[in-house]
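Trainee: What follows is data_5.txt, made up of compact mmCIF, C-alpha atoms:
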# COMPACT_ATOMS: atom_id res chain seq x y z
CA MET A 839 18.34 126.46 -134.30
CA LYS A 840 17.92 123.22 -132.37
CA ASN A 841 16.51 121.11 -135.14
CA GLU A 842 17.21 122.63 -138.52
CA ASN A 843 16.31 119.47 -140.40
CA LEU A 844 12.85 119.36 -138.88
CA TYR A 845 12.38 123.08 -139.61
CA LYS A 846 13.29 122.61 -143.26
CA TYR A 847 11.19 119.50 -143.46
CA ILE A 848 8.10 121.34 -142.23
CA LEU A 849 8.72 124.17 -144.71
CA GLY A 850 8.94 121.62 -147.51
CA ILE A 851 5.48 120.31 -146.62
CA ALA A 852 3.88 123.67 -145.87
CA ASP A 853 5.31 125.57 -148.86
CA ASN A 854 3.57 123.16 -151.24
CA SER A 855 0.23 124.07 -149.70
CA LEU A 856 1.01 127.78 -149.44
CA ILE A 857 1.98 128.15 -153.08
CA LEU A 858 -0.85 125.99 -154.40
CA GLY A 859 -3.26 127.86 -152.12
CA GLN A 860 -1.99 131.16 -153.55
CA ARG A 861 -2.53 129.91 -157.10
CA LEU A 862 -6.08 128.80 -156.30
CA GLY A 863 -6.82 131.97 -154.36
CA ALA A 864 -5.98 133.99 -157.48
CA LEU A 865 -9.05 132.39 -159.09
CA THR A 866 -11.37 134.22 -156.70
CA GLY A 867 -13.92 135.82 -159.00
CA HIS A 868 -12.15 134.35 -162.06
CA GLY A 869 -13.29 130.70 -162.01
CA PRO A 870 -15.01 129.41 -165.15
CA SER A 871 -18.31 129.10 -163.27
CA LEU A 872 -19.54 130.12 -159.85
CA GLU A 873 -19.38 126.56 -158.48
CA THR A 874 -15.85 125.86 -159.66
CA ASP A 875 -14.75 129.30 -158.50
CA ILE A 876 -16.07 128.58 -155.00
CA ALA A 877 -14.55 125.10 -155.05
CA CYS A 878 -11.06 126.35 -155.94
CA THR A 879 -11.15 129.06 -153.30
CA ASN A 880 -12.52 126.64 -150.68
CA ILE A 881 -9.63 124.29 -151.39
CA SER A 882 -7.31 127.28 -151.12
CA LEU A 883 -8.78 128.09 -147.71
CA ASP A 884 -8.26 124.52 -146.48
CA LEU A 885 -4.65 124.62 -147.65
CA PHE A 886 -3.99 127.98 -145.98
CA GLY A 887 -5.49 126.65 -142.76
CA GLN A 888 -3.14 123.69 -142.86
CA VAL A 889 -0.23 125.99 -143.70
CA ARG A 890 -0.88 128.08 -140.60
CA SER A 891 -0.61 125.01 -138.37
CA TYR A 892 2.68 124.02 -140.00
CA TYR A 893 4.21 127.52 -139.91
CA GLN A 894 3.16 128.09 -136.29
CA TYR A 895 4.99 124.90 -135.42
CA ALA A 896 7.99 125.87 -137.59
CA ALA A 897 8.16 129.28 -135.87
CA LYS A 898 8.28 127.53 -132.49
CA ILE A 899 11.14 125.31 -133.66
CA LYS A 900 13.02 128.26 -135.14
CA GLY A 901 12.98 129.70 -131.64
CA ASP A 902 13.67 133.38 -132.46
CA ASP A 903 11.04 136.10 -132.77
CA SER A 904 9.76 134.81 -136.11
CA THR A 905 6.02 134.39 -136.51
CA GLU A 906 4.02 132.32 -138.96
CA ASP A 907 3.58 135.48 -141.06
CA ASP A 908 7.32 136.11 -141.29
CA ILE A 909 7.82 132.60 -142.55
CA ALA A 910 4.99 132.88 -145.06
CA PHE A 911 5.74 136.35 -146.40
CA LEU A 912 9.32 137.37 -145.81
CA ARG A 913 11.52 134.68 -147.29
CA ARG A 914 13.38 135.05 -150.57
CA GLU A 915 12.54 132.91 -153.57
CA ARG A 916 15.41 130.48 -153.02
CA GLU A 917 14.21 129.86 -149.48
CA TYR A 918 10.84 128.46 -150.56
CA LEU A 919 11.05 124.69 -150.78
CA ASN A 920 7.85 123.77 -152.64
CA VAL A 921 7.85 121.43 -155.63
CA LEU A 922 7.72 122.96 -159.11
CA LEU A 923 4.31 121.41 -159.81
CA VAL A 924 2.36 123.67 -157.44
CA GLU A 925 3.80 126.96 -158.74
CA GLN A 926 2.71 126.36 -162.33
CA PRO A 927 0.33 129.09 -163.48
CA ASN A 928 -3.46 129.06 -163.92
CA THR A 929 -3.48 128.87 -167.70
CA ASP A 930 -6.88 127.29 -168.28
CA PHE A 931 -9.29 125.28 -166.14
CA ALA A 932 -8.03 121.92 -167.45
CA TYR A 933 -4.52 122.92 -166.40
CA THR A 934 -5.71 124.10 -162.98
CA ILE A 935 -7.56 120.82 -162.43
CA GLY A 936 -4.65 118.75 -163.78
CA ARG A 937 -2.24 120.48 -161.39
CA GLN A 938 -4.68 119.97 -158.51
CA PHE A 939 -5.24 116.32 -159.30
CA LEU A 940 -1.55 115.47 -159.67
CA PHE A 941 -0.89 117.14 -156.32
CA ASP A 942 -3.97 115.82 -154.46
CA VAL A 943 -3.13 112.18 -155.14
CA TYR A 944 0.36 112.76 -153.74
CA HIS A 945 -0.90 114.88 -150.84
CA LEU A 946 -3.37 112.23 -149.69
CA LEU A 947 -0.77 109.43 -149.83
CA PHE A 948 1.71 111.65 -148.02
CA LEU A 949 -0.68 112.62 -145.20
CA THR A 950 -1.77 109.01 -144.77
CA GLU A 951 1.83 108.21 -143.85
CA LEU A 952 2.45 111.41 -141.89
CA GLN A 953 -0.36 110.42 -139.52
CA LYS A 954 2.03 107.78 -138.17
CA SER A 955 4.79 110.32 -137.47
CA HIS A 956 6.42 110.09 -134.05
CA ASP A 957 6.14 113.87 -133.89
CA VAL A 958 2.75 114.44 -132.24
CA THR A 959 2.19 117.89 -133.78
CA LEU A 960 2.83 116.72 -137.34
CA SER A 961 0.69 113.66 -136.75
CA ALA A 962 -2.19 115.80 -135.45
CA ILE A 963 -1.99 118.18 -138.43
CA ALA A 964 -1.99 115.19 -140.78
CA ILE A 965 -5.02 113.59 -139.11
CA LYS A 966 -6.88 116.89 -139.34
CA SER A 967 -5.85 117.67 -142.93
CA ILE A 968 -6.45 114.27 -144.42
CA LYS A 969 -10.22 114.65 -144.13
CA GLU A 970 -10.05 117.86 -146.15
CA VAL A 971 -7.59 116.57 -148.71
CA SER A 972 -9.58 113.42 -149.47
CA TYR A 973 -12.43 115.75 -150.42
CA HIS A 974 -10.06 117.73 -152.67
CA GLN A 975 -8.97 114.58 -154.45
CA ARG A 976 -12.56 113.55 -155.00
CA PHE A 977 -13.30 116.94 -156.56
CA SER A 978 -10.27 117.02 -158.86
CA SER A 979 -10.64 113.34 -159.89
CA ASP A 980 -14.27 113.92 -160.83
CA TRP A 981 -13.25 116.84 -163.04
CA ILE A 982 -10.45 114.86 -164.69
CA LYS A 983 -13.05 112.28 -165.67
CA ARG A 984 -15.62 114.86 -166.69
CA LEU A 985 -13.23 116.77 -168.93
CA GLY A 986 -11.28 113.75 -170.22
CA ASP A 987 -14.42 111.80 -171.05
CA GLY A 988 -16.33 114.94 -172.08
CA THR A 989 -16.38 116.71 -175.42
CA GLU A 990 -13.70 116.48 -178.08
CA GLU A 991 -12.48 119.92 -177.07
CA SER A 992 -12.40 119.26 -173.32
CA ARG A 993 -10.52 116.00 -173.91
CA ILE A 994 -7.82 117.76 -175.96
CA LYS A 995 -7.39 120.42 -173.27
CA MET A 996 -7.28 117.89 -170.43
CA GLN A 997 -4.77 115.71 -172.29
CA ASP A 998 -2.59 118.76 -173.08
CA ALA A 999 -2.64 119.75 -169.42
CA ILE A 1000 -1.62 116.29 -168.20
CA ASN A 1001 1.11 116.07 -170.85
CA GLY A 1002 2.43 119.49 -169.87
CA LEU A 1003 2.39 118.85 -166.12
CA TRP A 1004 3.71 115.30 -166.19
CA THR A 1005 7.32 116.48 -166.16
CA TYR A 1006 6.81 117.89 -162.63
CA THR A 1007 5.47 114.70 -161.02
CA ASP A 1008 8.72 112.85 -160.38
CA GLU A 1009 10.08 115.57 -158.11
CA LEU A 1010 7.38 114.75 -155.55
CA PHE A 1011 9.35 111.60 -154.72
CA HIS A 1012 12.82 113.12 -154.43
CA GLN A 1013 14.35 113.14 -150.97
CA THR A 1014 16.26 116.10 -149.62
CA ASP A 1015 18.93 115.79 -146.92
CA ALA A 1016 16.44 117.14 -144.38
CA ASP A 1017 13.94 114.47 -145.49
CA LYS A 1018 16.45 111.71 -144.98
CA ALA A 1019 17.36 112.94 -141.51
CA VAL A 1020 13.77 113.13 -140.26
CA VAL A 1021 12.83 109.81 -141.86
CA GLU A 1022 15.66 108.33 -139.82
CA GLU A 1023 14.05 109.75 -136.66
CA LYS A 1024 10.66 108.26 -137.66
CA ILE A 1025 9.26 111.79 -137.88
CA GLY A 1026 9.19 112.16 -141.64
CA VAL A 1027 7.67 110.20 -144.49
CA ASP A 1028 9.90 108.28 -146.90
CA VAL A 1029 8.40 109.68 -150.10
CA THR A 1030 10.25 107.20 -152.30
CA THR A 1031 7.89 104.50 -151.01
CA LEU A 1032 4.83 106.42 -152.26
CA LYS A 1033 5.85 106.52 -155.90
CA ASP A 1034 4.40 103.23 -157.19
CA LYS A 1035 1.08 103.76 -155.48
CA TYR A 1036 0.95 107.32 -156.78
CA TYR A 1037 1.37 106.36 -160.42
CA ASP A 1038 -1.02 103.40 -160.00
CA THR A 1039 -3.75 105.72 -158.70
CA VAL A 1040 -3.08 108.49 -161.22
CA ASN A 1041 -2.89 106.11 -164.18
CA ALA A 1042 -6.12 104.35 -163.19
CA ILE A 1043 -8.06 107.62 -163.05
CA LEU A 1044 -6.52 108.93 -166.29
CA THR A 1045 -7.47 105.68 -167.99
CA GLU A 1046 -11.01 105.88 -166.64
CA ALA A 1047 -11.13 109.42 -168.03
CA THR A 1048 -10.15 107.97 -171.45
CA LEU A 1049 -6.89 109.94 -171.30
CA ASP A 1050 -3.48 108.64 -172.35
CA VAL A 1051 -0.87 108.21 -169.63
CA PRO A 1052 2.18 110.22 -170.79
CA GLU A 1053 5.20 108.10 -171.64
CA SER A 1054 7.87 110.77 -171.25
CA LYS A 1055 10.59 109.83 -168.80
CA TRP A 1056 12.17 113.27 -168.70
CA PHE A 1057 11.41 115.11 -165.50
CA GLN A 1058 12.04 118.58 -164.07
CA LYS A 1059 13.35 119.15 -160.58
CA GLY A 1060 14.74 121.88 -158.35
CA GLY A 1061 11.89 123.26 -156.26
CA LYS A 1062 12.78 121.24 -153.19
CA LYS A 1063 16.21 122.88 -153.28
CA GLY A 1064 14.78 126.35 -153.80
CA ILE A 1065 15.47 126.53 -157.52
CA HIS A 1066 12.17 127.45 -159.10
CA THR A 1067 10.60 128.00 -162.50
CA GLU A 1068 10.22 131.52 -163.89
CA HIS A 1069 6.62 131.66 -162.63
CA MET A 1070 7.64 131.70 -158.98
CA GLY A 1071 8.96 135.26 -158.86
CA TYR A 1072 5.71 136.71 -160.17
CA LEU A 1073 3.71 134.63 -157.71
CA LEU A 1074 5.83 135.78 -154.77
CA SER A 1075 5.64 139.43 -155.76
CA ASP A 1076 1.86 139.12 -155.47
CA LEU A 1077 1.96 137.04 -152.30
CA GLN A 1078 4.44 139.31 -150.52
CA TYR A 1079 3.27 142.66 -151.82
CA MET A 1080 1.51 143.91 -148.68
CA GLN A 1081 4.20 142.83 -146.21
CA ARG A 1082 7.00 144.21 -148.37
CA THR A 1083 5.23 147.51 -149.00
CA TYR A 1084 3.96 148.04 -145.47
CA PRO A 1085 6.36 146.13 -143.20
CA ASN A 1086 4.77 144.62 -140.07
CA MET A 1087 1.27 145.54 -141.16
CA GLU A 1088 -1.55 143.68 -139.46
CA TRP A 1089 -5.26 143.36 -140.08
CA MET B 828 -35.73 107.92 -128.24
CA THR B 829 -34.68 106.53 -131.60
CA LEU B 830 -31.65 104.35 -132.03
CA SER B 831 -29.74 107.05 -133.89
CA VAL B 832 -30.18 109.46 -130.99
CA VAL B 833 -28.86 106.84 -128.60
CA GLU B 834 -25.88 106.38 -130.90
CA GLU B 835 -25.28 110.12 -130.99
CA ILE B 836 -25.27 110.35 -127.22
CA PHE B 837 -22.97 107.37 -126.96
CA LYS B 838 -20.52 108.99 -129.39
CA MET B 839 -20.59 112.22 -127.41
CA ILE B 840 -19.66 110.42 -124.23
CA GLN B 841 -16.85 108.69 -126.08
CA THR B 842 -15.18 111.90 -127.19
CA GLU B 843 -14.17 112.92 -123.68
CA GLN B 844 -15.37 116.47 -123.48
CA ASN B 845 -14.35 117.97 -120.18
CA ILE B 846 -16.53 120.97 -119.37
CA ASP B 847 -16.87 122.40 -115.86
CA LYS B 848 -20.57 122.43 -114.98
CA ARG B 849 -20.42 126.07 -113.87
CA LEU B 850 -19.26 127.13 -117.35
CA HIS B 851 -21.71 125.14 -119.41
CA SER B 852 -24.49 127.72 -119.59
CA ILE B 853 -22.06 130.58 -120.31
CA LEU B 854 -20.42 128.75 -123.20
CA GLU B 855 -23.78 127.74 -124.57
CA GLN B 856 -24.56 131.42 -125.20
CA VAL B 857 -21.64 131.75 -127.62
CA SER B 858 -22.77 131.06 -131.15
CA ASP B 859 -20.94 130.08 -134.31
CA PRO B 860 -20.44 133.39 -136.17
CA GLU B 861 -21.19 131.77 -139.51
CA ILE B 862 -24.20 129.78 -138.32
CA PRO B 863 -25.68 132.04 -135.63
CA VAL B 864 -28.45 129.61 -134.61
CA LEU B 865 -25.88 127.09 -133.47
CA SER B 866 -24.06 127.41 -130.17
CA ILE B 867 -20.42 126.37 -130.12
CA MET B 868 -21.36 123.71 -127.54
CA GLU B 869 -23.88 122.13 -129.91
CA MET B 870 -21.27 122.33 -132.63
CA GLY B 871 -18.82 120.32 -130.54
CA VAL B 872 -15.89 122.71 -130.98
CA VAL B 873 -15.33 123.23 -127.24
CA ARG B 874 -13.33 120.25 -126.07
CA SER B 875 -12.60 121.29 -122.51
CA ALA B 876 -13.23 124.16 -120.12
CA ILE B 877 -11.77 124.01 -116.64
CA ILE B 878 -11.20 126.54 -113.87
CA LYS B 879 -7.64 126.62 -112.59
CA ASN B 880 -6.43 129.27 -110.14
CA ASP B 881 -9.39 131.49 -111.00
CA VAL B 882 -8.58 131.37 -114.72
CA VAL B 883 -10.74 129.45 -117.15
CA LYS B 884 -8.75 127.37 -119.61
CA VAL B 885 -10.74 126.61 -122.72
CA GLN B 886 -9.65 124.26 -125.49
CA ILE B 887 -11.36 124.63 -128.85
CA THR B 888 -10.83 122.68 -132.04
CA PRO B 889 -11.49 123.91 -135.60
CA THR B 890 -14.11 122.32 -137.82
CA TYR B 891 -11.87 122.86 -140.86
CA SER B 892 -8.17 123.84 -140.70
CA GLY B 893 -8.86 127.09 -142.51
CA CYS B 894 -12.07 127.99 -140.68
CA PRO B 895 -11.87 131.77 -140.38
CA ALA B 896 -14.46 131.69 -137.57
CA MET B 897 -12.02 130.26 -135.01
CA ASP B 898 -10.41 133.59 -134.08
CA VAL B 899 -13.86 135.15 -133.63
CA ILE B 900 -15.07 132.18 -131.58
CA GLY B 901 -12.03 132.52 -129.30
CA ASP B 902 -12.72 136.24 -128.81
CA ASP B 903 -16.43 135.62 -128.21
CA ILE B 904 -15.69 132.98 -125.56
CA LYS B 905 -13.32 135.37 -123.77
CA LYS B 906 -15.95 138.09 -123.84
CA ALA B 907 -18.75 135.85 -122.54
CA LEU B 908 -16.58 134.54 -119.73
CA LYS B 909 -15.40 138.04 -118.84
CA GLU B 910 -19.01 139.18 -118.51
CA ALA B 911 -19.60 136.26 -116.16
CA GLY B 912 -16.60 137.34 -114.11
CA TYR B 913 -13.93 134.95 -115.37
CA ASN B 914 -10.56 135.60 -116.95
CA SER B 915 -9.76 133.01 -119.57
CA GLU B 916 -7.12 131.53 -121.81
CA ILE B 917 -8.05 129.98 -125.14
CA GLU B 918 -6.04 127.18 -126.68
CA LEU B 919 -6.57 125.86 -130.20
CA ILE B 920 -6.04 122.10 -130.39
CA LEU B 921 -6.01 119.85 -133.45
CA ALA B 922 -6.22 116.40 -131.88
CA PRO B 923 -8.54 114.60 -131.75
CA ALA B 924 -9.76 116.04 -135.03
CA TRP B 925 -13.29 117.44 -135.14
CA THR B 926 -15.97 115.35 -136.78
CA THR B 927 -19.58 116.12 -137.68
CA ASP B 928 -20.51 113.31 -135.25
CA TRP B 929 -19.83 115.83 -132.48
CA ILE B 930 -22.73 118.04 -133.50
CA THR B 931 -25.39 117.30 -130.88
CA PRO B 932 -28.96 116.18 -131.78
CA LYS B 933 -30.14 119.63 -130.65
CA GLY B 934 -27.54 121.20 -132.92
CA ARG B 935 -28.63 119.09 -135.87
CA LYS B 936 -32.20 120.23 -135.37
CA ALA B 937 -31.09 123.88 -135.16
CA LEU B 938 -29.22 123.43 -138.46
CA GLU B 939 -32.26 121.97 -140.19
CA ASP B 940 -34.55 124.71 -138.86
CA TYR B 941 -32.08 127.30 -140.13
CA GLY B 942 -32.18 125.80 -143.63
CA ILE B 943 -28.98 123.76 -143.60
CA ALA B 944 -29.42 120.01 -144.12
CA ALA B 945 -27.60 118.11 -141.37
CA PRO B 946 -24.76 115.75 -142.35
CA LEU B 947 -25.76 112.16 -143.18
CA ASN B 948 -22.70 110.03 -143.79
CA ALA B 949 -19.35 110.40 -145.50
CA GLU B 950 -20.50 109.07 -148.85
CA ALA B 951 -23.85 110.87 -149.04
CA ASP B 952 -22.94 113.65 -151.44
CA LYS B 953 -20.89 111.28 -153.58
CA ASP B 954 -23.82 108.86 -153.79
CA VAL B 955 -26.02 111.74 -154.82
CA LEU B 956 -23.63 112.79 -157.56
CA LEU B 957 -22.47 109.45 -158.92
CA ASN B 958 -25.20 106.95 -158.14
CA GLY B 959 -28.18 109.24 -158.42
CA LYS B 960 -29.28 108.36 -154.89
CA ARG B 961 -31.64 110.82 -153.29
CA MET B 962 -31.05 110.97 -149.58
CA VAL B 963 -30.59 114.61 -148.62
CA LYS B 964 -33.92 116.14 -147.61
CA CYS B 965 -34.90 119.61 -148.76
CA THR B 966 -34.93 121.88 -145.71
CA ASN B 967 -37.78 123.88 -147.20
CA CYS B 968 -40.35 121.25 -148.21
CA GLY B 969 -38.89 117.95 -146.95
CA SER B 970 -38.73 116.36 -150.40
CA GLN B 971 -35.89 113.94 -151.08
CA ASN B 972 -35.97 114.86 -154.76
CA THR B 973 -32.80 116.93 -154.39
CA ARG B 974 -29.57 117.22 -156.34
CA LEU B 975 -26.01 118.26 -155.59
CA VAL B 976 -25.24 121.56 -157.33
CA SER B 977 -21.72 122.02 -156.01
CA GLN B 978 -19.41 120.00 -153.75
CA PHE B 979 -18.27 123.26 -152.19
CA GLY B 980 -20.55 125.94 -150.80
CA SER B 981 -20.64 129.27 -149.01
CA THR B 982 -18.31 128.12 -146.22
CA ALA B 983 -15.72 125.35 -145.92
CA CYS B 984 -18.18 123.08 -144.12
CA LYS B 985 -21.04 123.16 -146.62
CA ALA B 986 -22.05 121.86 -150.07
CA GLN B 987 -24.78 123.32 -152.32
CA PHE B 988 -27.98 121.41 -153.05
CA GLN B 989 -31.20 122.22 -154.85
CA CYS B 990 -34.68 120.76 -154.42
CA GLY B 991 -36.30 119.35 -157.57
CA ASP B 992 -39.81 119.90 -156.23
CA CYS B 993 -39.92 123.34 -154.65
CA GLN B 994 -36.72 124.48 -156.51
CA GLU B 995 -35.28 125.91 -153.30
CA PRO B 996 -31.47 125.99 -153.21
CA PHE B 997 -30.06 125.03 -149.81
CA ASP B 998 -26.85 124.20 -147.98
CA TYR B 999 -25.89 120.69 -146.91
CA PHE B 1000 -23.49 120.41 -143.99
CA LYS B 1001 -20.75 118.14 -145.36
CA CYS B 1002 -20.05 115.02 -143.39
CA LEU B 1003 -16.58 114.98 -141.89
CA LYS B 1004 -15.36 111.85 -140.16
For this file, write the structure as structure tokens.

Mentor:
Amino acid sequence: MKNENLYKYILGIADNSLILGQRLGALTGHGPSLETDIACTNISLDLFGQVRSYYQYAAKIKGDDSTEDDIAFLRREREYLNVLLVEQPNTDFAYTIGRQFLFDVYHLLFLTELQKSHDVTLSAIAIKSIKEVSYHQRFSSDWIKRLGDGTEESRIKMQDAINGLWTYTDELFHQTDADKAVVEEKIGVDVTTLKDKYYDTVNAILTEATLDVPESKWFQKGGKKGIHTEHMGYLLSDLQYMQRTYPNMEW
Amino acid sequence: MTLSVVEEIFKMIQTEQNIDKRLHSILEQVSDPEIPVLSIMEMGVVRSAIIKNDVVKVQITPTYSGCPAMDVIGDDIKKALKEAGYNSEIELILAPAWTTDWITPKGRKALEDYGIAAPLNAEADKDVLLNGKRMVKCTNCGSQNTRLVSQFGSTACKAQFQCGDCQEPFDYFKCLK
């Protein structure tokens, strides 16, 4: 492969959206209300659309016969480079919204920077996606406020969700070797520079939602290196089922 | 001609669409599969169509990244051009990114007639939700006494509204800039 760092870098970005999209897609017909059900699956659709653009580009860089579908469906667990945050399960709606919110704030900051990439394809995908992702963040932020500043019960659930997910936020700002290489080439985003702004934004919205900002300084990591939580295997067995059972199947 | 129409036309000129005159009427017959009253030309998704060595090269851009209609639109364009005697190649481009500003005045009218409120501005649905502003007009009775039911609707490009007067639920085409 000509540019393995760029390939891995693109997977790192795209896998986040693929895995979160898969989680949200699983809510089809299972959302707490029709509107939230449609919202989660619409966000899933946006993310899958973005993923296709990234994987098509990655397949081109890989340069063999691989297609976007091969990259999406036929890798092993350790080859997926998404952060641990996005693979966390749909336990309840507060948790789903908390996961979405903590990712959306990052995603929007990330795409804002990626727009300036010297790689024209990545820049174009970022410019396209950012319009969709700003809408996602608006949706999830509104729900954080609605649940946090809602009933006694909804506040407890929202706070529990944020407390439980907080441990996965720091990994968003870890740099892999591939990251460092593409940042050097002015293609990639230096995620370490996004951290302060991320926590400023998140903390402000949590505070507005009358929620407490978690104080724990102990964080989980591993996803970016392919070492995932126990939830990932189950998710992949769902995601890959059709391609594994009927190799090369097409619609 | 109102000022807003002038602005619309000005914006359209700015976006550098490059359509061969001979192809215009053929492409206009291809409609958006999810909003059949709207042609893809009125929608602004065709960015260029040129004839090179007897092959038509068409560039289209998606409204939303995940728009499942794009594959169908590509196939429909090929079919329409084939019937007119042209072979064609379709290319999907992402830049410059599509915006609702590219929907033509004729397209906006077609949307309204079909029962989908045309996009206003980027903050319209937020204003409706958070500031109680009433700016989206009911497509059934014209009342501005409407409320946002859901930020997401039946397709990626729409939000759900309901009229407080005639009670009709309707789609609002989300503004994308």

Trainee: Could you list, with a cut-off of 8 Å and counting only C-alpha atoms, the residues of chain B near chain A, each shown with its nearest atom pair and the distance in Å rounded to one decimal, rows sorted by chain and ascending number, as a tab-separated table?

Mentor:
residue	atom	partner	partner_atom	distance
B:Tyr891	CA	A:Asp884	CA	6.9
B:Ser892	CA	A:Gly887	CA	4.4
B:Gly893	CA	A:Gly887	CA	3.4
B:Cys894	CA	A:Gly887	CA	7.0
B:Leu921	CA	A:Ala962	CA	5.9
B:Ala922	CA	A:Ala962	CA	5.4
B:Pro923	CA	A:Ala962	CA	7.4
B:Ala924	CA	A:Lys966	CA	5.3
B:Trp925	CA	A:Lys966	CA	7.7
B:Val976	CA	A:Glu873	CA	7.8
B:Ser977	CA	A:Glu873	CA	5.7
B:Gln978	CA	A:Ala877	CA	7.2
B:Phe979	CA	A:Ala877	CA	5.0
B:Gly980	CA	A:Ile876	CA	6.7
B:Ser981	CA	A:Ile876	CA	7.6
B:Thr982	CA	A:Asn880	CA	7.5
B:Ala983	CA	A:Asn880	CA	5.9
B:Leu1003	CA	A:Lys969	CA	6.8
B:Lys1004	CA	A:Lys969	CA	7.1

Trainee: Calculate how many Å separate CA of Asp942 (chain A) from CA of Ser1075 (chain A), rounding to one decimal.

Mentor: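 Straight-line distance from CA of Asp942 (chain A) to CA of Ser1075 (chain A) works out to 25.5 Å.
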
Trainee: Could you name the residues that touch region 989-994 of chain B at 9 Å or less, counting all atoms listed in the file, but leaving out those on the same chain fewer than 4 positions away, as an NGL selection string?

Mentor: :B and (964-968 or 970-976 or 998)

Trainee: Given the choices A:Leu1073, A:Leu912, A:Asp957, A:Val1051, which gets closest to Gly859 (chain A) if the distance is worked out from all atoms listed in the file?

Mentor: A:Leu1073

Trainee: So, counting only C-alpha atoms, which residue among A:Glu925, A:Asp1028, A:Asp907, A:Glu917 is closest to Leu1003 (chain A)?

Mentor: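 Looking at the shortest contact to Leu1003 (chain A), the residue is A:Glu925.
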
Trainee: Please provide as a list of chain:residue names all residues within 10 Å of Ser992 (chain A), with the sequence filter that same-chain residues fewer than 5 positions apart are discarded (counting all atoms listed in the file).

Mentor: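 With the cut-off at 10 Å, the set is A:Phe931, A:Ala932, A:Ile982, A:Arg984, A:Leu985, A:Gly986, A:Asp987, A:Gln997, A:Asp998.
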
Trainee: Rounded to one decimal place, report the CA of Asp847 (chain B)-CA of Ile878 (chain B) distance in Å.

Mentor: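 Separating CA of Asp847 (chain B) from CA of Ile878 (chain B) is a distance of 7.3 Å.
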
Trainee: What is the CA of Ala896 (chain A) to CA of Thr1014 (chain A) distance in Å?

Mentor: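 Computed distance, CA of Ala896 (chain A) to CA of Thr1014 (chain A), equals 17.6 Å.
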
Trainee: Closest to Glu1088 (chain A) among A:Asp908, A:Glu951, A:Glu1046, A:Asp1034, using only C-alpha atoms?

Mentor: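 Of A:Asp908, A:Glu951, A:Glu1046, A:Asp1034, the one nearest Glu1088 (chain A), counting only C-alpha atoms, is A:Asp908.
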